[in-house]
Structure formats: structure tokens, C-alpha cells
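Here's upload_17.txt, which has compact mmCIF, C-alpha atoms and all ligand atoms:
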```txt
# COMPACT_ATOMS: atom_id res chain seq x y z
CA MET A 162 132.72 81.24 76.25
CA LEU A 163 132.20 78.53 78.84
CA GLU A 164 135.87 78.64 79.76
CA GLN A 165 135.50 82.32 80.54
CA LEU A 166 132.53 81.53 82.78
CA THR A 167 134.46 78.85 84.66
CA GLU A 168 137.24 81.35 85.14
CA ASP A 169 134.78 83.95 86.53
CA LEU A 170 133.24 81.43 88.89
CA LYS A 171 136.64 80.53 90.24
CA LYS A 172 137.26 84.19 90.88
CA ALA A 173 133.94 84.42 92.74
CA ALA A 174 134.93 81.48 94.96
CA VAL A 175 138.26 83.12 95.80
CA GLU A 176 136.46 86.41 96.52
CA ALA A 177 134.05 84.55 98.83
CA ASP A 178 136.97 83.10 100.80
CA ARG A 179 138.52 86.53 101.14
CA LEU A 180 135.31 88.18 102.30
CA ILE A 181 134.60 85.46 104.84
CA THR A 182 138.01 85.72 106.45
CA GLN A 183 137.75 89.49 106.60
CA ALA A 184 134.27 89.73 108.14
CA LYS A 185 134.31 90.45 111.86
CA SER A 186 130.61 90.30 112.58
CA VAL A 187 127.48 88.54 111.42
CA ASP A 188 126.29 91.80 109.93
CA GLU A 189 129.44 92.24 107.90
CA LEU A 190 129.09 88.67 106.66
CA ARG A 191 125.54 89.27 105.54
CA GLN A 192 126.51 92.38 103.63
CA ALA A 193 129.44 90.61 101.95
CA GLU A 194 127.22 87.67 100.97
CA SER A 195 124.59 89.81 99.32
CA ARG A 196 127.30 91.80 97.56
CA LEU A 197 128.62 88.59 96.05
CA ILE A 198 125.58 86.52 95.19
CA GLY A 199 122.86 89.17 95.18
CA LYS A 200 121.26 90.35 91.93
CA LYS A 201 123.79 93.08 91.44
CA GLY A 202 126.63 90.94 92.76
CA LEU A 203 129.16 89.02 90.69
CA LEU A 204 127.06 85.85 90.50
CA GLY A 205 123.90 87.77 89.76
CA GLN A 206 125.61 89.42 86.81
CA LEU A 207 126.87 86.08 85.52
CA LEU A 208 123.36 84.66 85.66
CA THR A 209 121.98 87.55 83.65
CA SER A 210 124.71 87.13 81.06
CA ILE A 211 123.56 83.57 80.28
CA GLY A 212 121.12 85.00 77.78
CA LYS A 213 124.03 86.08 75.63
CA LEU A 214 125.41 82.57 75.32
CA PRO A 215 124.62 80.26 72.41
CA LYS A 216 121.46 78.28 73.18
CA GLU A 217 123.16 74.90 73.57
CA GLN A 218 125.55 76.24 76.21
CA ARG A 219 122.94 77.93 78.40
CA ALA A 220 121.83 74.89 80.42
CA ALA A 221 125.38 73.91 81.28
CA ALA A 222 126.28 77.47 82.22
CA GLY A 223 123.24 77.83 84.47
CA LYS A 224 124.07 74.60 86.22
CA GLU A 225 127.66 75.66 86.84
CA ILE A 226 126.68 79.04 88.20
CA ASN A 227 124.05 77.58 90.50
CA LEU A 228 126.49 75.04 91.80
CA THR A 229 129.01 77.74 92.75
CA LYS A 230 126.25 79.85 94.21
CA ALA A 231 125.11 76.95 96.42
CA LYS A 232 128.69 76.34 97.55
CA ILE A 233 129.23 79.97 98.44
CA THR A 234 125.90 80.20 100.26
CA GLU A 235 126.86 77.16 102.27
CA GLN A 236 130.30 78.65 103.09
CA PHE A 237 128.68 81.84 104.33
CA ALA A 238 126.16 79.92 106.44
CA VAL A 239 128.95 77.99 108.15
CA ALA A 240 130.96 81.16 108.78
CA ARG A 241 127.88 82.88 110.19
CA ALA A 242 127.19 80.04 112.59
CA GLU A 243 130.78 80.15 113.81
CA LEU A 244 130.70 83.87 114.40
CA GLU A 245 127.40 83.59 116.28
CA LYS A 246 128.81 80.88 118.50
CA ALA A 247 131.92 82.96 119.23
CA SER A 248 129.95 86.05 120.19
CA ASP A 249 127.69 83.94 122.46
CA GLN A 250 130.77 82.66 124.21
CA THR A 251 132.17 86.17 124.74
CA ALA A 252 128.84 87.31 126.20
CA THR A 253 128.73 84.36 128.59
CA ALA A 254 132.34 84.93 129.57
CA SER A 255 131.78 88.59 130.36
CA ALA A 256 128.61 87.73 132.28
CA GLN A 257 130.63 85.28 134.34
CA MET A 258 133.29 87.93 134.92
CA PHE A 259 130.75 90.45 136.32
CA ASP A 260 131.69 91.26 139.88
CA PRO A 261 128.73 92.69 141.76
CA THR A 262 130.99 93.90 144.57
CA LEU A 263 132.78 96.40 142.32
CA PRO A 264 131.66 100.04 142.61
CA GLY A 265 129.36 101.16 139.80
CA PRO A 266 130.15 103.84 137.24
CA VAL A 267 130.53 107.34 138.64
CA VAL A 268 127.43 109.39 137.90
CA PRO A 269 128.08 113.14 137.65
CA ARG A 270 126.51 114.87 140.63
CA GLY A 271 125.44 118.15 139.09
CA SER A 272 126.65 121.49 140.34
CA VAL A 273 125.63 124.75 141.84
CA HIS A 274 124.91 127.88 139.85
CA PRO A 275 127.44 130.68 140.49
CA VAL A 276 124.70 132.93 141.88
CA THR A 277 123.66 130.25 144.38
CA ALA A 278 127.29 129.64 145.33
CA VAL A 279 127.80 133.35 146.07
CA GLN A 280 124.50 133.48 147.96
CA TRP A 281 125.55 130.58 150.19
CA GLU A 282 128.88 132.25 150.84
CA VAL A 283 127.26 135.53 151.88
CA GLU A 284 124.82 133.59 154.06
CA ASP A 285 127.72 131.89 155.83
CA ILE A 286 129.55 135.16 156.40
CA MET A 287 126.43 136.86 157.70
CA ALA A 288 125.53 133.90 159.89
CA ARG A 289 128.86 134.41 161.65
CA LEU A 290 127.75 137.99 162.40
CA GLY A 291 124.50 136.74 163.90
CA PHE A 292 122.24 137.36 160.89
CA VAL A 293 119.47 134.89 160.11
CA VAL A 294 118.08 134.05 156.67
CA VAL A 295 114.45 134.81 155.88
CA SER A 296 112.53 134.42 152.66
CA GLY A 297 109.64 136.40 151.23
CA PRO A 298 107.20 135.85 148.35
CA GLU A 299 108.12 136.63 144.75
CA MET A 300 104.57 137.79 144.11
CA GLU A 301 104.15 140.84 146.30
CA THR A 302 101.59 143.46 147.19
CA ASP A 303 101.94 147.12 146.34
CA TYR A 304 102.02 147.72 150.10
CA TYR A 305 105.19 145.75 150.86
CA ASN A 306 107.00 146.45 147.58
CA PHE A 307 106.38 150.23 147.65
CA GLU A 308 104.00 151.75 150.19
CA ALA A 309 105.60 150.49 153.40
CA LEU A 310 109.00 151.36 151.98
CA ASN A 311 108.07 155.02 151.98
CA ILE A 312 107.17 155.00 148.26
CA PRO A 313 103.51 156.03 148.20
CA GLU A 314 101.39 155.93 145.08
CA MET A 315 102.37 158.64 142.59
CA HIS A 316 105.85 158.91 144.13
CA PRO A 317 108.34 159.42 141.30
CA ALA A 318 110.66 156.80 142.84
CA ARG A 319 108.28 154.15 141.51
CA ASP A 320 109.68 154.95 138.08
CA MET A 321 113.11 153.79 139.25
CA GLN A 322 111.83 150.24 139.13
CA ASP A 323 109.88 149.23 136.04
CA THR A 324 107.36 146.80 137.36
CA PHE A 325 105.61 143.67 136.12
CA TRP A 326 102.06 144.23 137.36
CA LEU A 327 99.78 141.24 137.71
CA ASP A 328 96.12 141.12 136.75
CA ASN A 329 95.08 140.82 140.40
CA GLY A 330 96.72 144.16 141.31
CA TRP A 331 99.75 142.45 142.84
CA LEU A 332 103.21 142.56 141.26
CA LEU A 333 106.40 140.59 140.84
CA ARG A 334 108.69 142.02 143.48
CA THR A 335 111.14 144.45 141.96
CA HIS A 336 113.58 144.05 144.83
CA THR A 337 114.04 142.06 148.03
CA SER A 338 113.37 145.16 150.17
CA PRO A 339 109.75 144.13 150.93
CA CYS A 340 111.34 141.49 153.20
CA GLN A 341 112.54 144.34 155.43
CA VAL A 342 109.05 145.34 156.48
CA ARG A 343 107.87 141.74 156.73
CA ALA A 344 110.85 140.97 158.99
CA MET A 345 110.20 143.98 161.23
CA GLU A 346 106.53 143.03 161.59
CA ARG A 347 107.23 139.38 162.21
CA LEU A 348 110.40 139.40 164.30
CA GLY A 349 110.51 142.84 166.00
CA PRO A 350 113.67 144.63 167.19
CA PRO A 351 116.58 144.06 167.68
CA LEU A 352 116.96 142.46 164.31
CA ARG A 353 119.63 140.99 162.03
CA VAL A 354 118.24 139.40 158.90
CA ILE A 355 119.22 138.72 155.33
CA ALA A 356 116.72 137.84 152.62
CA PRO A 357 118.11 136.41 149.37
CA GLY A 358 115.82 135.95 146.41
CA ARG A 359 114.77 136.47 142.83
CA CYS A 360 113.58 139.86 141.65
CA PHE A 361 111.93 140.95 138.43
CA ARG A 362 111.98 144.12 136.36
CA TYR A 363 110.42 145.09 133.08
CA GLU A 364 113.74 146.01 131.48
CA THR A 365 115.54 145.76 128.20
CA GLU A 366 118.22 143.14 128.65
CA ASP A 367 121.86 144.01 128.05
CA ALA A 368 125.26 142.93 129.40
CA SER A 369 124.41 144.15 132.90
CA HIS A 370 120.60 144.12 133.06
CA ALA A 371 118.22 141.18 133.09
CA THR A 372 114.49 140.92 133.71
CA THR A 373 115.17 138.28 136.36
CA PHE A 374 118.04 138.74 138.78
CA HIS A 375 119.01 137.89 142.32
CA GLN A 376 119.42 140.20 145.27
CA LEU A 377 120.25 139.72 148.88
CA GLU A 378 118.63 142.15 151.26
CA GLY A 379 120.20 142.89 154.63
CA LEU A 380 118.71 144.61 157.63
CA MET A 381 120.18 145.29 161.03
CA ILE A 382 118.20 147.15 163.66
CA ASP A 383 119.29 147.82 167.18
CA ARG A 384 120.04 150.68 169.53
CA ASN A 385 122.89 152.98 168.38
CA ILE A 386 123.44 151.50 164.93
CA SER A 387 125.45 153.94 162.81
CA ILE A 388 126.87 154.36 159.32
CA ALA A 389 130.19 153.05 160.68
CA ASN A 390 128.49 149.69 161.38
CA LEU A 391 127.05 149.70 157.88
CA VAL A 392 130.39 150.33 156.16
CA ALA A 393 132.21 147.79 158.34
CA VAL A 394 129.72 145.02 157.51
CA MET A 395 129.62 145.86 153.79
CA LYS A 396 133.40 145.84 153.47
CA LEU A 397 133.71 142.61 155.41
CA ILE A 398 131.29 140.86 153.04
CA LEU A 399 133.14 142.03 149.93
CA ASP A 400 136.61 141.25 151.33
CA GLU A 401 135.55 137.73 152.27
CA ILE A 402 133.75 136.96 149.04
CA LEU A 403 136.53 138.22 146.81
CA HIS A 404 139.37 137.11 149.12
CA GLN A 405 141.18 140.45 149.11
CA ASP A 406 141.26 143.86 150.71
CA MET A 407 138.65 145.39 148.44
CA LYS A 408 138.76 148.97 147.26
CA ILE A 409 135.35 150.49 147.90
CA ARG A 410 133.83 153.94 147.70
CA LEU A 411 130.64 155.44 149.06
CA ARG A 412 128.55 157.88 147.06
CA PRO A 413 125.27 159.49 148.03
CA GLY A 414 122.34 157.57 146.59
CA TYR A 415 118.63 158.12 146.75
CA PHE A 416 116.28 155.41 147.94
CA PRO A 417 113.11 156.54 149.74
CA TYR A 418 113.45 153.82 152.39
CA VAL A 419 116.84 154.97 153.67
CA GLU A 420 118.15 158.31 154.93
CA PRO A 421 120.95 158.93 154.26
CA GLY A 422 121.20 156.55 151.32
CA PHE A 423 124.40 155.45 149.57
CA GLU A 424 125.71 153.69 146.56
CA LEU A 425 128.62 151.52 147.58
CA ASP A 426 130.91 150.80 144.66
CA MET A 427 133.73 148.33 144.43
CA GLN A 428 136.60 148.23 142.02
CA CYS A 429 135.63 146.38 138.84
CA GLN A 430 137.05 142.87 138.97
CA ILE A 431 136.72 142.29 135.24
CA CYS A 432 139.23 145.00 134.32
CA GLY A 433 140.90 145.61 137.70
CA GLY A 434 139.74 149.22 137.69
CA GLU A 435 141.12 150.07 134.25
CA GLY A 436 137.67 150.57 132.71
CA CYS A 437 135.78 148.11 130.50
CA PRO A 438 132.29 147.70 128.99
CA THR A 439 131.01 145.93 132.13
CA CYS A 440 131.84 148.89 134.38
CA LYS A 441 130.95 151.33 131.62
CA LYS A 442 134.61 152.38 131.51
CA SER A 443 134.48 153.83 135.04
CA GLY A 444 136.54 151.15 136.79
CA TRP A 445 133.85 150.93 139.48
CA ILE A 446 130.85 148.65 139.86
CA GLU A 447 127.75 149.60 141.82
CA ILE A 448 127.36 146.59 144.00
CA LEU A 449 125.77 147.58 147.27
CA PRO A 450 123.09 150.24 147.50
CA CYS A 451 122.51 150.85 151.18
CA GLY A 452 121.67 153.34 153.87
CA MET A 453 120.21 154.04 157.28
CA VAL A 454 116.63 152.84 157.55
CA HIS A 455 114.18 155.73 157.13
CA PRO A 456 112.14 156.49 160.28
CA ASN A 457 108.93 156.12 158.25
CA VAL A 458 109.89 152.59 157.30
CA LEU A 459 110.62 151.73 160.94
CA LYS A 460 107.16 153.05 161.76
CA PHE A 461 105.57 150.92 159.02
CA GLY A 462 107.39 148.00 160.63
CA ARG A 463 105.94 148.99 164.04
CA ILE A 464 109.37 149.92 165.45
CA ASP A 465 109.94 153.13 167.40
CA PRO A 466 112.46 155.28 165.46
CA HIS A 467 113.31 157.21 168.63
CA GLU A 468 114.54 154.07 170.28
CA TYR A 469 116.01 152.11 167.37
CA THR A 470 118.08 152.84 164.31
CA GLY A 471 119.30 150.47 161.64
CA PHE A 472 120.99 150.00 158.32
CA ALA A 473 119.79 148.17 155.24
CA PHE A 474 121.39 147.08 152.01
CA GLY A 475 120.31 145.38 148.81
CA MET A 476 123.19 143.45 147.33
CA GLY A 477 123.10 142.50 143.65
CA LEU A 478 123.93 138.80 143.91
CA THR A 479 123.96 138.27 140.17
CA ARG A 480 126.39 141.14 139.71
CA LEU A 481 128.57 139.89 142.57
CA ALA A 482 128.72 136.43 140.98
CA MET A 483 129.78 138.06 137.70
CA MET A 484 132.60 139.87 139.50
CA LYS A 485 133.72 136.85 141.46
CA TYR A 486 133.79 134.47 138.52
CA GLY A 487 134.78 137.01 135.87
CA VAL A 488 131.59 136.68 133.81
CA SER A 489 131.26 139.85 131.76
CA ASP A 490 127.70 139.38 130.48
CA ILE A 491 124.73 138.78 132.76
CA ARG A 492 122.92 136.93 129.96
CA VAL A 493 125.47 134.13 130.13
CA LEU A 494 124.55 133.49 133.76
CA ASN A 495 120.85 133.21 132.98
CA SER A 496 121.25 131.23 129.78
CA GLY A 497 121.74 127.77 131.25
CA ASP A 498 125.10 127.64 129.46
CA LEU A 499 126.88 124.76 131.17
CA ARG A 500 130.21 126.59 130.98
CA ALA A 501 128.77 129.05 133.50
CA ILE A 502 128.07 126.35 136.06
CA ILE A 503 130.72 125.58 138.65
CA ARG A 504 131.41 122.69 141.00
CA PRO A 505 129.25 122.52 144.10
CA LYS A 506 130.40 123.90 147.38
CA ARG A 507 129.07 122.17 150.44
CA ARG A 508 126.39 124.19 152.13
CA SER A 509 127.09 125.06 155.72
CA GLY A 510 125.71 127.46 158.31
CA ALA A 511 122.59 129.33 157.41
CA ALA A 512 119.18 127.80 157.01
CA ILE A 513 115.99 129.73 156.35
CA ILE A 514 114.44 130.37 159.73
CA GLU A 515 111.32 132.22 158.65
CA LYS A 516 109.26 132.05 155.48
CA PHE A 517 106.93 135.03 155.14
N1 LIG B 1 115.94 147.98 146.73
C1 LIG B 1 117.00 148.66 146.04
C2 LIG B 1 117.00 148.24 144.58
O1 LIG B 1 116.62 147.17 144.25
C3 LIG B 1 118.31 148.33 146.62
C4 LIG B 1 118.47 148.90 147.99
C5 LIG B 1 118.93 150.20 148.15
C6 LIG B 1 118.16 148.14 149.10
C7 LIG B 1 119.11 150.70 149.41
C8 LIG B 1 118.35 148.65 150.37
C9 LIG B 1 118.82 149.95 150.51
O2 LIG B 1 118.07 147.96 151.47
O3 LIG B 1 119.01 150.43 151.75
O4 LIG B 1 117.40 148.99 143.75
```
Once you've parsed the file, please lay out its structure as C-alpha cells.
Amino acid sequence: MLEQLTEDLKKAAVEADRLITQAKSVDELRQAESRLIGKKGLLGQLLTSIGKLPKEQRAAAGKEINLTKAKITEQFAVARAELEKASDQTATASAQMFDPTLPGPVVPRGSVHPVTAVQWEVEDIMARLGFVVVSGPEMETDYYNFEALNIPEMHPARDMQDTFWLDNGWLLRTHTSPCQVRAMERLGPPLRVIAPGRCFRYETEDASHATTFHQLEGLMIDRNISIANLVAVMKLILDEILHQDMKIRLRPGYFPYVEPGFELDMQCQICGGEGCPTCKKSGWIEILPCGMVHPNVLKFGRIDPHEYTGFAFGMGLTRLAMMKYGVSDIRVLNSGDLRAIIRPKRRSGAAIIEKF
């Protein structure tokens, strides 16, 4: 029996040597050590088996096991010390190699949301045409959002825009058009302004409708402004943004603040005009509702309609971004999905000149 034990202990010593040479870290060493001499380890098992030996052999067996255990423990301690020393040396060496003059790691700089990128582009184009950027409040009064835009109380056109009403009688602006009247009041004619911003509607969300979306309002007022000016400016914006000679069409559209009013459609960029779910299979996308400013609105803005005329438009920035970047579902743009975020484009040109 004792011979068998001596044999087992020899095996344990060989196993210890093997584990020590294999271990690459102090942690690995510790694990190997407890595997070998711990209670459930080889030596632990041998110790428990002493009870099965004849009485007179037990003392000798115990002694032999403990001797091997002490040797192995010692071997592990030495190996651990060596590993610790080596890792200290590597740390010191790399600390000495640190060169403070080297550039640091590159930190990602973040990027611009597609809607913002399109907005900046339109601002730049319009700035070249002499338009300035203004900004109005997102919480609006009934007066600016409806009344002064020729939509009095009880007018059915209010139903065109499902509204988030606030407890204080104000509302979340349903469009950027209130900026038209604010601009007329504040700046007077002649006038070339654009007003980008967030708008809100109480709507059921689907692929092309969201409760929060971005518009860019445009207003030009001067003597002798005609529909020809309107169409020229609208087409220029679309051509520049989409880098091609865009196919557009003008349809009559009803908005109480313009007369005549139009829907300007452009060819769907998702399907190239073939028809797809985004353009509701028509091949066209309503992108630019517009028209000639209604005389009543000019009057609300304290401008004489006999002397001045003007055009206005309300561009769907979110929709334009979808077309430009080929995003077929508006919900992707608002989701914070990082795949919908593009690299930043340096901002140039326009700066907000007036905050209402
Ligand atoms: N305010 C309109 C909307 O949100 C868009 C619009 C239509 C703006 C015609 C205009 C315009 O300036 O002339 O649906």
C-alpha cells in the first residue's frame, strides 16, 4: 500500500512541475496550486485515503504526504515570486518607454444628424440668395400658429394639423409658419428669411409621419415677387441638395395663409419614380408646400399688400433628409439608431440673426 502512495506522490510532484512551467500569470499559478494540493486536489484525496490504510502505516503515510505537500507549496511560492518580479519589470519598462510627446489616442468626434446636415445645406444655399436664418419658439400662441396665418378659430383648416394643446392655452407649434408673421413684425419689408425648427403633431406614427419632425420655413417679400420667383428658388434648393436636375411638379394645394397655394412634388428618390411604399406607389413625394403669401397674412404682419407681394414655403426637412440619404422610414431617423448618423459636415455661412 505504501509503495502505491509513494508512486502517487511522485506523480503529484511531476504534475506540480508541469503546472508551474505552464502558468503564465500569478492567478493561473494560484489556481493550479489549489487544484493540486487543495482538499479536492490530488494531495487532498491522498490525505483522506489515509484512513483506509492499516493503523501502523498511517503515521508514515501522513508524514510522506505532508512532506511532498510542503515541497510543492514551496515550489509554487518560488514560482509566484518570480512571476511577480517579472511583471514588475515589464511595468517599469513600459513606464520608462512612455513618450509624452506622442499624440494621444484618437477620440471619435461625434457626428451630425442627417436632418441637421440637410438643414445646414439649405441654410448655405439660401444664404447665397440673401436669406437670413431666424428662429422662433417651439411653444407658440394660438395667434401666431393659427390666427395671424388666416386660420381663425372654428376654421376647418385647423383640423389639418392635429395639435398638442398645453394647459396654459398655448400649443406646441404644428409648423414653422408662425415664424413668418414674427419675421414680418420684427424685420419689416423687404424680407428674405428662413426659419428651421422642430414641429409637433398629435399623429399616429408610420413610415412617413412622426409626432416630432423638422421643417424649414421660407419667406420672401418684396415688390413684384411672382410665382416664377417661387418656382425658381424651390427648384434651385432641390437641385443643389440632391446634386441633380430634379424632376418637380406643381399641384394646387390649399393653405389658408397662401393664395394661390401649391404642393410641390419631387420624384421619389427611394424608388426613382417607380413607386414604392414611401411614396405610396405614386413615384412622387410631397416635399415643398408653398404659395403666394395671402394679403390677410401680410396685413397681420403689418405689411401693405398693395405695395408688397411675397412667396412662402414650408419644407419638410425630415422628409428631405430621408430622400437624400435613402432612409425609407422616418422612425429610423428619430430612433437614435447610430446607423442613421453620418459624418459631420463643417458648418459654413448662415448663423441665426434673430431669435423671436
Ligand atoms: N405650414 C404648412 C404645413 O406645415 C406648410 C406650408 C404650406 C408652409 C404652404 C408654407 C406655405 O409657408 O406657403 O403643413
Between chain A and ligand LIG 1 (chain B), at 9 Å or less, what are the per-residue closest atom pairs and their distances in Å? Count all atoms listed in the file, order by chain and rising residue number, and return it as a tab-separated table.
```
residue	atom	partner	partner_atom	distance
A:Met321	CA	B:LIG1	O4	7.9
A:Gln322	CA	B:LIG1	O4	7.3
A:Thr335	CA	B:LIG1	O1	6.5
A:His336	CA	B:LIG1	O1	4.4
A:Thr337	CA	B:LIG1	N1	6.4
A:Ser338	CA	B:LIG1	N1	5.1
A:Pro339	CA	B:LIG1	N1	8.4
A:Gln341	CA	B:LIG1	O2	7.7
A:Cys360	CA	B:LIG1	O1	8.3
A:Gln376	CA	B:LIG1	O1	7.6
A:Leu377	CA	B:LIG1	C6	8.7
A:Glu378	CA	B:LIG1	O2	5.8
A:Gly379	CA	B:LIG1	O2	6.3
A:Leu380	CA	B:LIG1	O2	7.0
A:Gly414	CA	B:LIG1	C7	8.1
A:Tyr415	CA	B:LIG1	C7	7.9
A:Phe416	CA	B:LIG1	C7	5.7
A:Pro417	CA	B:LIG1	C7	8.4
A:Tyr418	CA	B:LIG1	O3	6.5
A:Val419	CA	B:LIG1	O3	5.4
A:Glu420	CA	B:LIG1	O3	8.5
A:Gly422	CA	B:LIG1	C7	6.5
A:Phe423	CA	B:LIG1	C7	7.1
A:Glu424	CA	B:LIG1	C7	7.8
A:Leu449	CA	B:LIG1	C5	7.4
A:Pro450	CA	B:LIG1	C5	4.2
A:Cys451	CA	B:LIG1	O3	3.6
A:Gly452	CA	B:LIG1	O3	4.5
A:Met453	CA	B:LIG1	O3	6.7
A:Val454	CA	B:LIG1	O3	6.7
A:His455	CA	B:LIG1	O3	9.0
A:Phe472	CA	B:LIG1	O3	6.9
A:Ala473	CA	B:LIG1	O2	4.1
A:Phe474	CA	B:LIG1	O2	3.5
A:Gly475	CA	B:LIG1	C6	3.5
A:Met476	CA	B:LIG1	C3	6.9
A:Gly477	CA	B:LIG1	O1	8.0
```
Write out as a tab-separated table a residue-level contact list of region 202-302 of chain A versus region 396-404 of chain A with cut-off 12 Å: for each qualifying residue the closest pair of atoms and the distance in Å to one decimal, counting only C-alpha atoms, rows sorted by chain and residue number upward.
```
residue	atom	partner	partner_atom	distance
A:Ala278	CA	A:Ile402	CA	10.4
A:Val279	CA	A:Ile402	CA	7.6
A:Gln280	CA	A:Ile402	CA	9.9
A:Trp281	CA	A:Ile402	CA	10.5
A:Glu282	CA	A:Ile402	CA	7.0
A:Val283	CA	A:Ile398	CA	6.8
A:Glu284	CA	A:Ile398	CA	9.8
A:Asp285	CA	A:Ile398	CA	10.0
A:Ile286	CA	A:Ile398	CA	6.8
A:Met287	CA	A:Ile398	CA	7.8
A:Ala288	CA	A:Ile398	CA	11.3
A:Arg289	CA	A:Ile398	CA	11.0
A:Leu290	CA	A:Leu397	CA	10.3
```
First collect every listed atom of region 170-188 of chain A; then fit an axis-aligned box around them, widen it by 4 Å on each side, and give centre and edge lengths in Å to one decimal, as JSON.
```
{"center_x": 132.4, "center_y": 86.2, "center_z": 100.7, "size_x": 20.2, "size_y": 19.3, "size_z": 31.7}
```
Q.
With distances taken over all atoms listed in the file, which residue among A:Ile446, A:Ile464, A:Ala238, A:Trp326 lies nearest Arg412 (chain A)?
A. A:Ile446
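The shortest atom-to-atom distance to Pro313 (chain A), with only C-alpha atoms taken into account, belongs to A:Asn457 out of A:Asn457, A:Pro421, A:Ala356, A:Leu391.
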Q. CA of Arg359 (chain A) and CA of Gly444 (chain A), how far apart in Å?
A.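 About the pair CA of Gly444 (chain A) and CA of Arg359 (chain A): they are 26.9 Å apart.
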Q: Report the distance between CA of Lys201 (chain A) and CA of Ala242 (chain A) in Å, rounded to one decimal place.
A: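 According to the coordinates, CA of Lys201 (chain A) and CA of Ala242 (chain A) are separated by 25.1 Å.
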Q.
Excluding region 495-503 of chain A and its own-chain neighbours fewer than 5 positions away, which residues fall within 7 Å of it when counting only C-alpha atoms? Please give them as a ChimeraX atom specification.
A. /A:272-275
Non-local contacts of Glu164 (chain A) (12 Å; all atoms listed in the file; under 6 positions in same chain excluded) as a PDB file with C-alpha atoms, in the coordinates of the input:
```pdb
ATOM      1  CA  LEU A 170     133.240  81.430  88.890  1.00  0.00           C
ATOM      2  CA  LYS A 171     136.640  80.530  90.240  1.00  0.00           C
ATOM      3  CA  GLN A 218     125.550  76.240  76.210  1.00  0.00           C
ATOM      4  CA  ALA A 221     125.380  73.910  81.280  1.00  0.00           C
ATOM      5  CA  ALA A 222     126.280  77.470  82.220  1.00  0.00           C
ATOM      6  CA  GLU A 225     127.660  75.660  86.840  1.00  0.00           C
TER       7      GLU A 225
END
```
Q. Hey, what's within 12 Å of Cys437 (chain A) if we count all atoms listed in the file and toss same-chain stuff fewer than 6 positions away? As an MDAnalysis selection string, please?
A. chainID A and resid 368 428:431 443:446 489:490
Could you turn the residues from that selection into a file that holds C-alpha atoms, as a PDB file, keeping the file's coordinate frame?
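Listed below is the output, selection-v5.pdb:
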```
ATOM      1  CA  ALA A 368     125.260 142.930 129.400  1.00  0.00           C
ATOM      2  CA  GLN A 428     136.600 148.230 142.020  1.00  0.00           C
ATOM      3  CA  CYS A 429     135.630 146.380 138.840  1.00  0.00           C
ATOM      4  CA  GLN A 430     137.050 142.870 138.970  1.00  0.00           C
ATOM      5  CA  ILE A 431     136.720 142.290 135.240  1.00  0.00           C
ATOM      6  CA  SER A 443     134.480 153.830 135.040  1.00  0.00           C
ATOM      7  CA  GLY A 444     136.540 151.150 136.790  1.00  0.00           C
ATOM      8  CA  TRP A 445     133.850 150.930 139.480  1.00  0.00           C
ATOM      9  CA  ILE A 446     130.850 148.650 139.860  1.00  0.00           C
ATOM     10  CA  SER A 489     131.260 139.850 131.760  1.00  0.00           C
ATOM     11  CA  ASP A 490     127.700 139.380 130.480  1.00  0.00           C
TER      12      ASP A 490
END
```
Q | Pairwise distance for CA of Ser210 (chain A) and CA of Gln192 (chain A), rounded to one decimal in Å | A |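 Between CA of Ser210 (chain A) and CA of Gln192 (chain A) the gap is 23.2 Å.
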